[in-house]
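**Q** Handing you a structure now.
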Amino acid sequence: MRTDEEERAGSASRPMPEKEGKRGWRDLPLGAVVTEAGSARAYVTGEWRSGQRPLLDTNRCTSCMICWVYCPDAAIKVEGGKVVGIDYDHCKGCGICAAECPARPEAAIKMVAEGEEG
Ligand code: SF4
Ligand code: SF4
């Protein structure tokens, strides 16, 4: 007699019965699967930002890279070892960069309302 585990493994590998003229599960496209690295570049996910966006003050920024480390969307732009801006195509407006920036007396990144110049 098969155990529950063997039964589950067996049914997972058995093809589902397919009705004539209808597509089976093997014909369905893959969903929720990232099939190639770096595919996020092709999507402007910043379109659904929170309603706030970060503004960088390059005069205050020391390029310590703390914001670059913390940004969950890799949206801090760095060139030649210096922070040069924000990638608004991918920034979600979470505010972590502004909260973690150690520049004093004011952070070098502040959050402003979308459309506001700061
Ligand atoms: S955390 Fe602040 S000071 Fe450091 S690189 Fe980012 S913006 Fe510049
Ligand atoms: S607001 Fe969030 S997503 Fe946008 S740059 Fe800052 S840490 Fe990254």
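Labels used: A, B, ... for chains in the order of the structure tokens, numbers from 1 for residues in each chain, and numbers from 1 for ligands as shown.
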Could you find all residues in chain A that DSSP calls helix (DSSP H, G or I) from the backbone, and write them as an mmCIF file with N, CA and C atoms, in the first residue's frame?

**A**
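File produced: part.cif:
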data_model
loop_
_atom_site.group_PDB
_atom_site.id
_atom_site.type_symbol
_atom_site.label_atom_id
_atom_site.label_comp_id
_atom_site.auth_asym_id
_atom_site.auth_seq_id
_atom_site.Cartn_x
_atom_site.Cartn_y
_atom_site.Cartn_z
ATOM 1 N N ASP A 4 0.764 8.298 1.902
ATOM 2 C CA ASP A 4 0.192 9.553 1.393
ATOM 3 C C ASP A 4 1.199 10.300 0.536
ATOM 4 N N GLU A 5 2.483 10.312 0.993
ATOM 5 C CA GLU A 5 3.524 11.040 0.262
ATOM 6 C C GLU A 5 3.736 10.450 -1.126
ATOM 7 N N GLU A 6 3.767 9.103 -1.198
ATOM 8 C CA GLU A 6 3.948 8.451 -2.497
ATOM 9 C C GLU A 6 2.756 8.738 -3.393
ATOM 10 N N GLU A 7 1.564 8.771 -2.808
ATOM 11 C CA GLU A 7 0.347 9.036 -3.578
ATOM 12 C C GLU A 7 0.387 10.440 -4.194
ATOM 13 N N ARG A 8 0.828 11.430 -3.336
ATOM 14 C CA ARG A 8 0.908 12.817 -3.828
ATOM 15 C C ARG A 8 1.951 12.922 -4.932
ATOM 16 N N ALA A 9 3.122 12.319 -4.731
ATOM 17 C CA ALA A 9 4.190 12.376 -5.729
ATOM 18 C C ALA A 9 3.732 11.719 -7.022
ATOM 19 N N GLY A 10 3.005 10.649 -6.913
ATOM 20 C CA GLY A 10 2.516 9.936 -8.091
ATOM 21 C C GLY A 10 1.520 10.766 -8.876
ATOM 22 N N SER A 11 0.581 11.416 -8.169
ATOM 23 C CA SER A 11 -0.445 12.185 -8.870
ATOM 24 C C SER A 11 0.137 13.448 -9.488
ATOM 25 N N ALA A 12 1.249 14.000 -8.897
ATOM 26 C CA ALA A 12 1.862 15.213 -9.443
ATOM 27 C C ALA A 12 2.528 14.924 -10.776
ATOM 28 N N SER A 13 3.055 13.720 -10.953
ATOM 29 C CA SER A 13 3.759 13.426 -12.190
ATOM 30 C C SER A 13 2.838 12.830 -13.262
ATOM 31 N N TRP A 25 -3.031 21.128 -19.121
ATOM 32 C CA TRP A 25 -2.202 21.950 -18.239
ATOM 33 C C TRP A 25 -0.787 22.119 -18.762
ATOM 34 N N ARG A 26 -0.337 21.198 -19.591
ATOM 35 C CA ARG A 26 1.015 21.315 -20.140
ATOM 36 C C ARG A 26 1.121 22.447 -21.156
ATOM 37 N N ASP A 27 -0.033 22.908 -21.699
ATOM 38 C CA ASP A 27 -0.026 23.968 -22.712
ATOM 39 C C ASP A 27 -0.094 25.363 -22.105
ATOM 40 N N SER A 39 15.101 40.856 -15.656
ATOM 41 C CA SER A 39 13.925 41.176 -16.474
ATOM 42 C C SER A 39 13.181 42.411 -15.963
ATOM 43 N N ALA A 40 13.431 42.827 -14.689
ATOM 44 C CA ALA A 40 12.745 44.002 -14.126
ATOM 45 C C ALA A 40 13.080 45.275 -14.897
ATOM 46 N N ARG A 41 14.217 45.287 -15.576
ATOM 47 C CA ARG A 41 14.596 46.473 -16.346
ATOM 48 C C ARG A 41 13.569 46.789 -17.420
ATOM 49 N N ALA A 42 12.875 45.786 -17.884
ATOM 50 C CA ALA A 42 11.917 45.976 -18.984
ATOM 51 C C ALA A 42 10.583 46.537 -18.503
ATOM 52 N N THR A 45 8.166 49.786 -13.104
ATOM 53 C CA THR A 45 7.392 49.492 -11.893
ATOM 54 C C THR A 45 7.218 50.720 -11.011
ATOM 55 N N GLY A 46 8.006 51.783 -11.274
ATOM 56 C CA GLY A 46 7.854 53.017 -10.511
ATOM 57 C C GLY A 46 6.527 53.714 -10.782
ATOM 58 N N GLU A 47 5.796 53.259 -11.800
ATOM 59 C CA GLU A 47 4.481 53.849 -12.107
ATOM 60 C C GLU A 47 3.514 53.704 -10.946
ATOM 61 N N TRP A 48 3.671 52.692 -10.122
ATOM 62 C CA TRP A 48 2.759 52.513 -8.983
ATOM 63 C C TRP A 48 3.438 52.883 -7.662
ATOM 64 N N ILE A 66 24.922 54.255 1.988
ATOM 65 C CA ILE A 66 23.951 53.618 2.886
ATOM 66 C C ILE A 66 22.605 53.447 2.157
ATOM 67 N N CYS A 67 22.168 54.497 1.454
ATOM 68 C CA CYS A 67 20.872 54.409 0.754
ATOM 69 C C CYS A 67 20.915 53.325 -0.317
ATOM 70 N N TRP A 68 22.040 53.199 -0.982
ATOM 71 C CA TRP A 68 22.201 52.194 -2.040
ATOM 72 C C TRP A 68 22.077 50.775 -1.452
ATOM 73 N N VAL A 69 22.649 50.609 -0.259
ATOM 74 C CA VAL A 69 22.582 49.298 0.398
ATOM 75 C C VAL A 69 21.142 48.976 0.821
ATOM 76 N N TYR A 70 20.443 49.985 1.351
ATOM 77 C CA TYR A 70 19.110 49.736 1.914
ATOM 78 C C TYR A 70 17.994 49.715 0.867
ATOM 79 N N ILE A 96 12.766 54.486 2.623
ATOM 80 C CA ILE A 96 13.850 53.898 3.429
ATOM 81 C C ILE A 96 15.151 54.687 3.232
ATOM 82 N N CYS A 97 15.427 55.096 2.005
ATOM 83 C CA CYS A 97 16.669 55.837 1.730
ATOM 84 C C CYS A 97 16.716 57.124 2.547
ATOM 85 N N ALA A 98 15.615 57.856 2.598
ATOM 86 C CA ALA A 98 15.565 59.117 3.346
ATOM 87 C C ALA A 98 15.683 58.851 4.850
ATOM 88 N N ALA A 99 15.074 57.773 5.315
ATOM 89 C CA ALA A 99 15.099 57.450 6.747
ATOM 90 C C ALA A 99 16.486 57.004 7.194
ATOM 91 N N GLU A 100 17.236 56.358 6.313
ATOM 92 C CA GLU A 100 18.543 55.800 6.696
ATOM 93 C C GLU A 100 19.716 56.727 6.400
#

**Q** Residues of chain A that have any atom at most 8 Å from an atom of ligand 2: could you tabulate them with the shortest-distance atom pair and the distance in Å to one decimal, using only C-alpha atoms and all ligand atoms, ordered by chain and increasing number, as JSON lines?

**A**
{"residue": "A:Gln52", "atom": "CA", "partner": "ligand 2", "partner_atom_place_in_ligand_line": "1 (S)", "distance": 7.8}
{"residue": "A:Arg53", "atom": "CA", "partner": "ligand 2", "partner_atom_place_in_ligand_line": "1 (S)", "distance": 6.0}
{"residue": "A:Pro54", "atom": "CA", "partner": "ligand 2", "partner_atom_place_in_ligand_line": "1 (S)", "distance": 5.4}
{"residue": "A:Cys67", "atom": "CA", "partner": "ligand 2", "partner_atom_place_in_ligand_line": "7 (S)", "distance": 6.5}
{"residue": "A:Trp68", "atom": "CA", "partner": "ligand 2", "partner_atom_place_in_ligand_line": "8 (Fe)", "distance": 7.6}
{"residue": "A:Tyr70", "atom": "CA", "partner": "ligand 2", "partner_atom_place_in_ligand_line": "7 (S)", "distance": 6.3}
{"residue": "A:Cys71", "atom": "CA", "partner": "ligand 2", "partner_atom_place_in_ligand_line": "7 (S)", "distance": 3.7}
{"residue": "A:Pro72", "atom": "CA", "partner": "ligand 2", "partner_atom_place_in_ligand_line": "8 (Fe)", "distance": 5.7}
{"residue": "A:Asp73", "atom": "CA", "partner": "ligand 2", "partner_atom_place_in_ligand_line": "3 (S)", "distance": 5.0}
{"residue": "A:Ala74", "atom": "CA", "partner": "ligand 2", "partner_atom_place_in_ligand_line": "8 (Fe)", "distance": 6.2}
{"residue": "A:Ala75", "atom": "CA", "partner": "ligand 2", "partner_atom_place_in_ligand_line": "5 (S)", "distance": 4.8}
{"residue": "A:Ile76", "atom": "CA", "partner": "ligand 2", "partner_atom_place_in_ligand_line": "5 (S)", "distance": 5.4}
{"residue": "A:Ile86", "atom": "CA", "partner": "ligand 2", "partner_atom_place_in_ligand_line": "5 (S)", "distance": 5.8}
{"residue": "A:Asp87", "atom": "CA", "partner": "ligand 2", "partner_atom_place_in_ligand_line": "5 (S)", "distance": 7.0}
{"residue": "A:Tyr88", "atom": "CA", "partner": "ligand 2", "partner_atom_place_in_ligand_line": "4 (Fe)", "distance": 7.3}
{"residue": "A:His90", "atom": "CA", "partner": "ligand 2", "partner_atom_place_in_ligand_line": "3 (S)", "distance": 7.0}
{"residue": "A:Cys91", "atom": "CA", "partner": "ligand 2", "partner_atom_place_in_ligand_line": "4 (Fe)", "distance": 3.7}
{"residue": "A:Lys92", "atom": "CA", "partner": "ligand 2", "partner_atom_place_in_ligand_line": "3 (S)", "distance": 4.4}
{"residue": "A:Gly93", "atom": "CA", "partner": "ligand 2", "partner_atom_place_in_ligand_line": "1 (S)", "distance": 3.7}
{"residue": "A:Cys94", "atom": "CA", "partner": "ligand 2", "partner_atom_place_in_ligand_line": "2 (Fe)", "distance": 3.9}
{"residue": "A:Gly95", "atom": "CA", "partner": "ligand 2", "partner_atom_place_in_ligand_line": "1 (S)", "distance": 4.0}
{"residue": "A:Ile96", "atom": "CA", "partner": "ligand 2", "partner_atom_place_in_ligand_line": "7 (S)", "distance": 4.3}
{"residue": "A:Cys97", "atom": "CA", "partner": "ligand 2", "partner_atom_place_in_ligand_line": "7 (S)", "distance": 4.1}
{"residue": "A:Ala98", "atom": "CA", "partner": "ligand 2", "partner_atom_place_in_ligand_line": "6 (Fe)", "distance": 6.5}
{"residue": "A:Met111", "atom": "CA", "partner": "ligand 2", "partner_atom_place_in_ligand_line": "1 (S)", "distance": 7.5}

**Q** Can you work out which residues are within 8 Å of ligand 1, considering only C-alpha atoms and all ligand atoms, and then hand them over as a ChimeraX atom specification?

**A** /A:56-58,60-68,76,82-83,97-98,100-103,107-109

**Q** What's the separation between CA of Glu114 in chain A and CA of Gly51 in chain A, in Å to one decimal place?

**A** 5.3 Å

**Q** Which of chain A end up as strand (DSSP E or B) when DSSP is run on this backbone - answer as a ChimeraX atom specification?

**A** /A:52-56,76-79,82-86,109-113

**Q** Would you mind exporting C-alpha atoms of the selected residues as a PDB file, in the first residue's frame?

**A**
ATOM      1  CA  GLN A  52       5.826  60.153  -2.445  1.00  0.00           C
ATOM      2  CA  ARG A  53       9.205  60.258  -4.117  1.00  0.00           C
ATOM      3  CA  PRO A  54      12.731  60.801  -2.823  1.00  0.00           C
ATOM      4  CA  LEU A  55      14.646  63.953  -3.752  1.00  0.00           C
ATOM      5  CA  LEU A  56      18.437  63.816  -3.608  1.00  0.00           C
ATOM      6  CA  ILE A  76      19.781  54.568  -6.256  1.00  0.00           C
ATOM      7  CA  LYS A  77      21.869  55.584  -9.249  1.00  0.00           C
ATOM      8  CA  VAL A  78      25.636  55.382  -8.796  1.00  0.00           C
ATOM      9  CA  GLU A  79      28.274  56.501 -11.258  1.00  0.00           C
ATOM     10  CA  LYS A  82      29.161  58.537  -6.335  1.00  0.00           C
ATOM     11  CA  VAL A  83      25.385  58.653  -5.820  1.00  0.00           C
ATOM     12  CA  VAL A  84      24.072  60.728  -8.732  1.00  0.00           C
ATOM     13  CA  GLY A  85      20.305  60.350  -8.581  1.00  0.00           C
ATOM     14  CA  ILE A  86      17.223  58.197  -8.225  1.00  0.00           C
ATOM     15  CA  ILE A 109      17.396  62.622   0.651  1.00  0.00           C
ATOM     16  CA  LYS A 110      13.968  63.891   1.582  1.00  0.00           C
ATOM     17  CA  MET A 111      10.569  62.543   0.597  1.00  0.00           C
ATOM     18  CA  VAL A 112       8.210  64.890  -1.235  1.00  0.00           C
ATOM     19  CA  ALA A 113       4.738  64.462  -2.655  1.00  0.00           C
TER      20      ALA A 113
END
